[in-house]
Amino acid sequence: WTTGTGADAENSIRELAALAETAGSQVLDGVMQRRQSPDPGTYLGRGKADELRGIVDASGADTVICDGELSPSQRRGLEDVVKVKVIDRTALILDIFAQHAKSKEGKAQVELAQYEYLLPRLRGWGESMSRQAGGQVGAGNGMGSRGPGETKIELDRRRIRSKMAKLRREIAEMKTARVTMRDSRRRNAVPSVAIAGYTNAGKSSLLNRLTGAGVLVENALFATLDPTIRRASTPDGREFTLADTVGFVRSLPTQLVEAFRSTLEEVSNSDLLLHVVDGSHPDPEGQISAVRSVLAELRGEVPQEIVVINKSDVADPEVIDRLLLREPRVIAVSAHTGEGIDKLLDLITDELPRPDVTVEVLVP
Ligand code: GDP
């Protein structure tokens with residue numbers, strides 16, 4: 001169930017399927033239903049839920065993923081009808097973040113978010129899974145159950161809360177260390193450029209293009225909270241740091257917003273922002289405004305922005321022209337073919353803060 005127009009809902013479902021594939025699933029089929037509001041008992045209306053049961057049986061699916069957030073009772077209700085595991089978009093996204101987190105800080109942040117998600121669902125989850133797995137709580141070992149999932153269901157709320165408090169303290173300490181490092185880069189007066197944009201827009205590919213760094217590029221909705229920072233230089237030999245920030249996804253789980261913000265602080269502390277957009281996406285304007293509205297909420301100022309329309313090799317030229325007219329500082333590039341990259345470097349050179357010029361006044 002999504003609010004908004006039909007096209008919006010379809011984009012959202014398409015992205016959900018891509019997210020599921022990123023998490024390592026094979027997507028078999030889908031159903032959509034237009035309703036005023038989700039059914040309080042089974043999320044989908046009863047008839048639609050029965051239809052879904054038929055699809056599950058016919059396709060041999062072992063999981064149903066809903067494109068919204070389910071209450072514990074909706075989850076249970078729908079599981080009772082379809083007889084397979086039901087997860088929601090939030091659980092799926094948390095799972096992907098858990099798979100991709102590499103740094104200690106990123107891992108701690110995802111774990112905290114998973115506990116936050118789990119806490120209000122403790123009872124509902126335990127009951128429904130124990131019924132399903134024949135009383136064997138903790139048997140779940142698939143999508144949506146990585147990390148502190150069913151296996152830790154026996155932890156009571158108090159223990160989870162104290163674990164969460166410990167994680168928060170650790171995250172705060174790691175953050176202090178990160179800020180100290182950032183300050184030292186700053187003292188060295190190396191200008192910083194941050195790359196932000198929707199997930200799959202081509203941020204890692206662009207980072208590779210600009211630095212030759214060989215960062216992992218995945219043909220998937222790559223979601224990580226760990227910023228990658230590399231050195232690069234302009235054609236006239238000035239050095240700058242380039243930070244690839246977290247990818248944006250639709251309806252980011254509220255449990256991840258805080259973690260996401262702290263990663264995005266790299267953006268508000270940089271001298272220049274490369275806002276990367278996938279020019280071949282059906283709704284690039286929608287993505288641009290979604291990214292901007294999140295950035296606008298950050299503490300601190302949003303730096304000067306260059307909109308980089310990527311994938312010019314495959315994007316519709318009319319869409320590119322439309323975006324070129326709409327944005328003040330904008331360039332179309334292809335991280336794949338290298339088209340436009342030289343021009344982008346020139347633009348970066350123009351926009352980077354000039355080193356302080358010292359003027360010596362000679363007094364005779
Ligand atoms: P990120 O999630 O924003 O870091 O995106 P990635 O750099 O991982 O790229 C996502 C996908 O888009 C990968 O399959 C890339 O190969 C593809 N991609 C990136 N840049 C281009 C481009 O300029 N042209 C085309 N055709 N594909 C691209």
# chains A, B, ... in the order shown; residues from 1 in each chain; ligands from 1
>>> residues_around(residues="Glu170 of chain A", least_positions_apart="2", cutoff="12 Å", atoms="only C-alpha atoms", output="count of residues only")
20
>>> residues_around(residues="Val319 of chain A", least_positions_apart="6", cutoff="10 Å", atoms="only C-alpha atoms", output="JSON, numbers by chain")
{"A": [279, 280, 281, 282, 283, 284, 285, 309, 312]}
>>> write_last_selection(atoms="N, CA and C atoms", output="PDB file, in the first residue's frame")
ATOM      1  N   GLY A 279      20.196   9.507 -15.156  1.00  0.00           N
ATOM      2  CA  GLY A 279      19.439  10.116 -16.250  1.00  0.00           C
ATOM      3  C   GLY A 279      18.524   9.129 -16.952  1.00  0.00           C
ATOM      4  N   SER A 280      18.745   7.823 -16.745  1.00  0.00           N
ATOM      5  CA  SER A 280      17.908   6.836 -17.423  1.00  0.00           C
ATOM      6  C   SER A 280      16.756   6.353 -16.535  1.00  0.00           C
ATOM      7  N   HIS A 281      16.648   6.944 -15.345  1.00  0.00           N
ATOM      8  CA  HIS A 281      15.559   6.552 -14.431  1.00  0.00           C
ATOM      9  C   HIS A 281      14.234   7.148 -14.917  1.00  0.00           C
ATOM     10  N   PRO A 282      13.100   6.458 -14.688  1.00  0.00           N
ATOM     11  CA  PRO A 282      11.818   7.011 -15.146  1.00  0.00           C
ATOM     12  C   PRO A 282      11.459   8.353 -14.513  1.00  0.00           C
ATOM     13  N   ASP A 283      11.949   8.641 -13.321  1.00  0.00           N
ATOM     14  CA  ASP A 283      11.565   9.895 -12.676  1.00  0.00           C
ATOM     15  C   ASP A 283      12.772  10.589 -12.036  1.00  0.00           C
ATOM     16  N   PRO A 284      13.711  11.091 -12.862  1.00  0.00           N
ATOM     17  CA  PRO A 284      14.905  11.708 -12.270  1.00  0.00           C
ATOM     18  C   PRO A 284      14.589  12.948 -11.436  1.00  0.00           C
ATOM     19  N   GLU A 285      13.578  13.729 -11.862  1.00  0.00           N
ATOM     20  CA  GLU A 285      13.228  14.937 -11.091  1.00  0.00           C
ATOM     21  C   GLU A 285      12.765  14.570  -9.686  1.00  0.00           C
ATOM     22  N   ILE A 309      24.207  14.552 -14.153  1.00  0.00           N
ATOM     23  CA  ILE A 309      23.272  13.589 -14.742  1.00  0.00           C
ATOM     24  C   ILE A 309      24.109  12.465 -15.325  1.00  0.00           C
ATOM     25  N   SER A 312      24.591   9.092 -19.347  1.00  0.00           N
ATOM     26  CA  SER A 312      24.218   9.788 -20.584  1.00  0.00           C
ATOM     27  C   SER A 312      24.293   8.843 -21.781  1.00  0.00           C
TER      28      SER A 312
END
>>> closest_residue(among="A:Val333, A:Leu325, A:Leu352, A:Ile87", to="ligand 1", atoms="only C-alpha atoms and all ligand atoms")
A:Val333
>>> select_by_dssp(residues="segment 69-128 of chain A", states="strand (DSSP E)", output="list of chain:residue names")
A:Lys85, A:Val86, A:Ile87, A:Asp88
>>> write_last_selection(atoms="N, CA and C atoms", output="mmCIF file, in the first residue's frame")
data_model
loop_
_atom_site.group_PDB
_atom_site.id
_atom_site.type_symbol
_atom_site.label_atom_id
_atom_site.label_comp_id
_atom_site.auth_asym_id
_atom_site.auth_seq_id
_atom_site.Cartn_x
_atom_site.Cartn_y
_atom_site.Cartn_z
ATOM 1 N N LYS A 85 6.501 -17.007 5.157
ATOM 2 C CA LYS A 85 7.000 -15.851 5.898
ATOM 3 C C LYS A 85 6.619 -14.539 5.205
ATOM 4 N N VAL A 86 6.182 -13.564 5.987
ATOM 5 C CA VAL A 86 5.844 -12.248 5.448
ATOM 6 C C VAL A 86 6.799 -11.228 6.067
ATOM 7 N N ILE A 87 7.442 -10.429 5.230
ATOM 8 C CA ILE A 87 8.246 -9.336 5.784
ATOM 9 C C ILE A 87 7.823 -8.033 5.118
ATOM 10 N N ASP A 88 8.225 -6.925 5.686
ATOM 11 C CA ASP A 88 7.856 -5.643 5.089
ATOM 12 C C ASP A 88 9.096 -4.936 4.546
#
>>> residues_around(residues="segment 82-84 of chain A", least_positions_apart="4", cutoff="6 Å", atoms="only C-alpha atoms", output="ChimeraX atom specification")
/A:53,62-63
>>> decode(residues="segment 255-323 of chain A", atoms="C-alpha atoms", output="short mmCIF file (atom, residue, chain, number, x, y, z; two decimals), in the first residue's frame")
data_model
loop_
_atom_site.label_atom_id
_atom_site.label_comp_id
_atom_site.auth_asym_id
_atom_site.auth_seq_id
_atom_site.Cartn_x
_atom_site.Cartn_y
_atom_site.Cartn_z
CA GLN A 255 15.05 3.41 12.43
CA LEU A 256 17.85 4.24 9.99
CA VAL A 257 17.27 7.95 9.65
CA GLU A 258 19.62 8.93 12.49
CA ALA A 259 22.42 6.68 11.20
CA PHE A 260 21.83 7.94 7.71
CA ARG A 261 22.07 11.54 8.88
CA SER A 262 25.38 11.05 10.60
CA THR A 263 26.80 9.55 7.41
CA LEU A 264 25.38 12.42 5.43
CA GLU A 265 27.17 14.87 7.68
CA GLU A 266 30.10 14.25 5.34
CA VAL A 267 28.01 16.24 2.89
CA SER A 268 27.38 19.27 5.05
CA ASN A 269 31.05 19.39 5.96
CA SER A 270 32.31 19.31 2.42
CA ASP A 271 33.18 22.23 0.19
CA LEU A 272 31.29 21.00 -2.83
CA LEU A 273 28.52 18.52 -3.50
CA LEU A 274 28.20 16.34 -6.59
CA HIS A 275 24.54 15.38 -6.70
CA VAL A 276 24.44 12.34 -8.98
CA VAL A 277 21.22 11.49 -10.79
CA ASP A 278 20.48 8.48 -12.96
CA GLY A 279 19.44 10.12 -16.25
CA SER A 280 17.91 6.84 -17.42
CA HIS A 281 15.56 6.55 -14.43
CA PRO A 282 11.82 7.01 -15.15
CA ASP A 283 11.57 9.89 -12.68
CA PRO A 284 14.90 11.71 -12.27
CA GLU A 285 13.23 14.94 -11.09
CA GLY A 286 11.48 13.04 -8.31
CA GLN A 287 14.80 11.61 -7.20
CA ILE A 288 16.46 15.03 -7.24
CA SER A 289 13.80 16.54 -5.00
CA ALA A 290 13.77 13.52 -2.66
CA VAL A 291 17.52 13.86 -2.16
CA ARG A 292 17.28 17.61 -1.68
CA SER A 293 14.56 17.41 0.92
CA VAL A 294 16.70 15.06 3.03
CA LEU A 295 19.77 17.24 2.60
CA ALA A 296 17.77 20.32 3.61
CA GLU A 297 17.09 18.73 6.99
CA LEU A 298 20.76 18.24 7.79
CA ARG A 299 22.46 20.27 10.42
CA GLY A 300 24.81 22.77 8.90
CA GLU A 301 24.81 24.24 5.47
CA VAL A 302 24.35 22.37 2.26
CA PRO A 303 27.40 23.18 0.16
CA GLN A 304 27.45 24.43 -3.41
CA GLU A 305 25.92 21.75 -5.59
CA ILE A 306 26.68 20.46 -9.07
CA VAL A 307 23.97 18.21 -10.49
CA VAL A 308 25.65 15.37 -12.38
CA ILE A 309 23.27 13.59 -14.74
CA ASN A 310 24.87 10.19 -15.13
CA LYS A 311 24.34 7.37 -17.64
CA SER A 312 24.22 9.79 -20.58
CA ASP A 313 25.14 6.79 -22.77
CA VAL A 314 21.74 5.21 -22.16
CA ALA A 315 19.52 8.12 -21.04
CA ASP A 316 16.88 9.67 -23.28
CA PRO A 317 18.48 12.84 -24.76
CA GLU A 318 15.21 14.72 -24.26
CA VAL A 319 15.25 13.97 -20.55
CA ILE A 320 18.85 15.16 -20.35
CA ASP A 321 17.97 18.40 -22.16
CA ARG A 322 15.06 18.97 -19.81
CA LEU A 323 17.31 18.57 -16.77
#
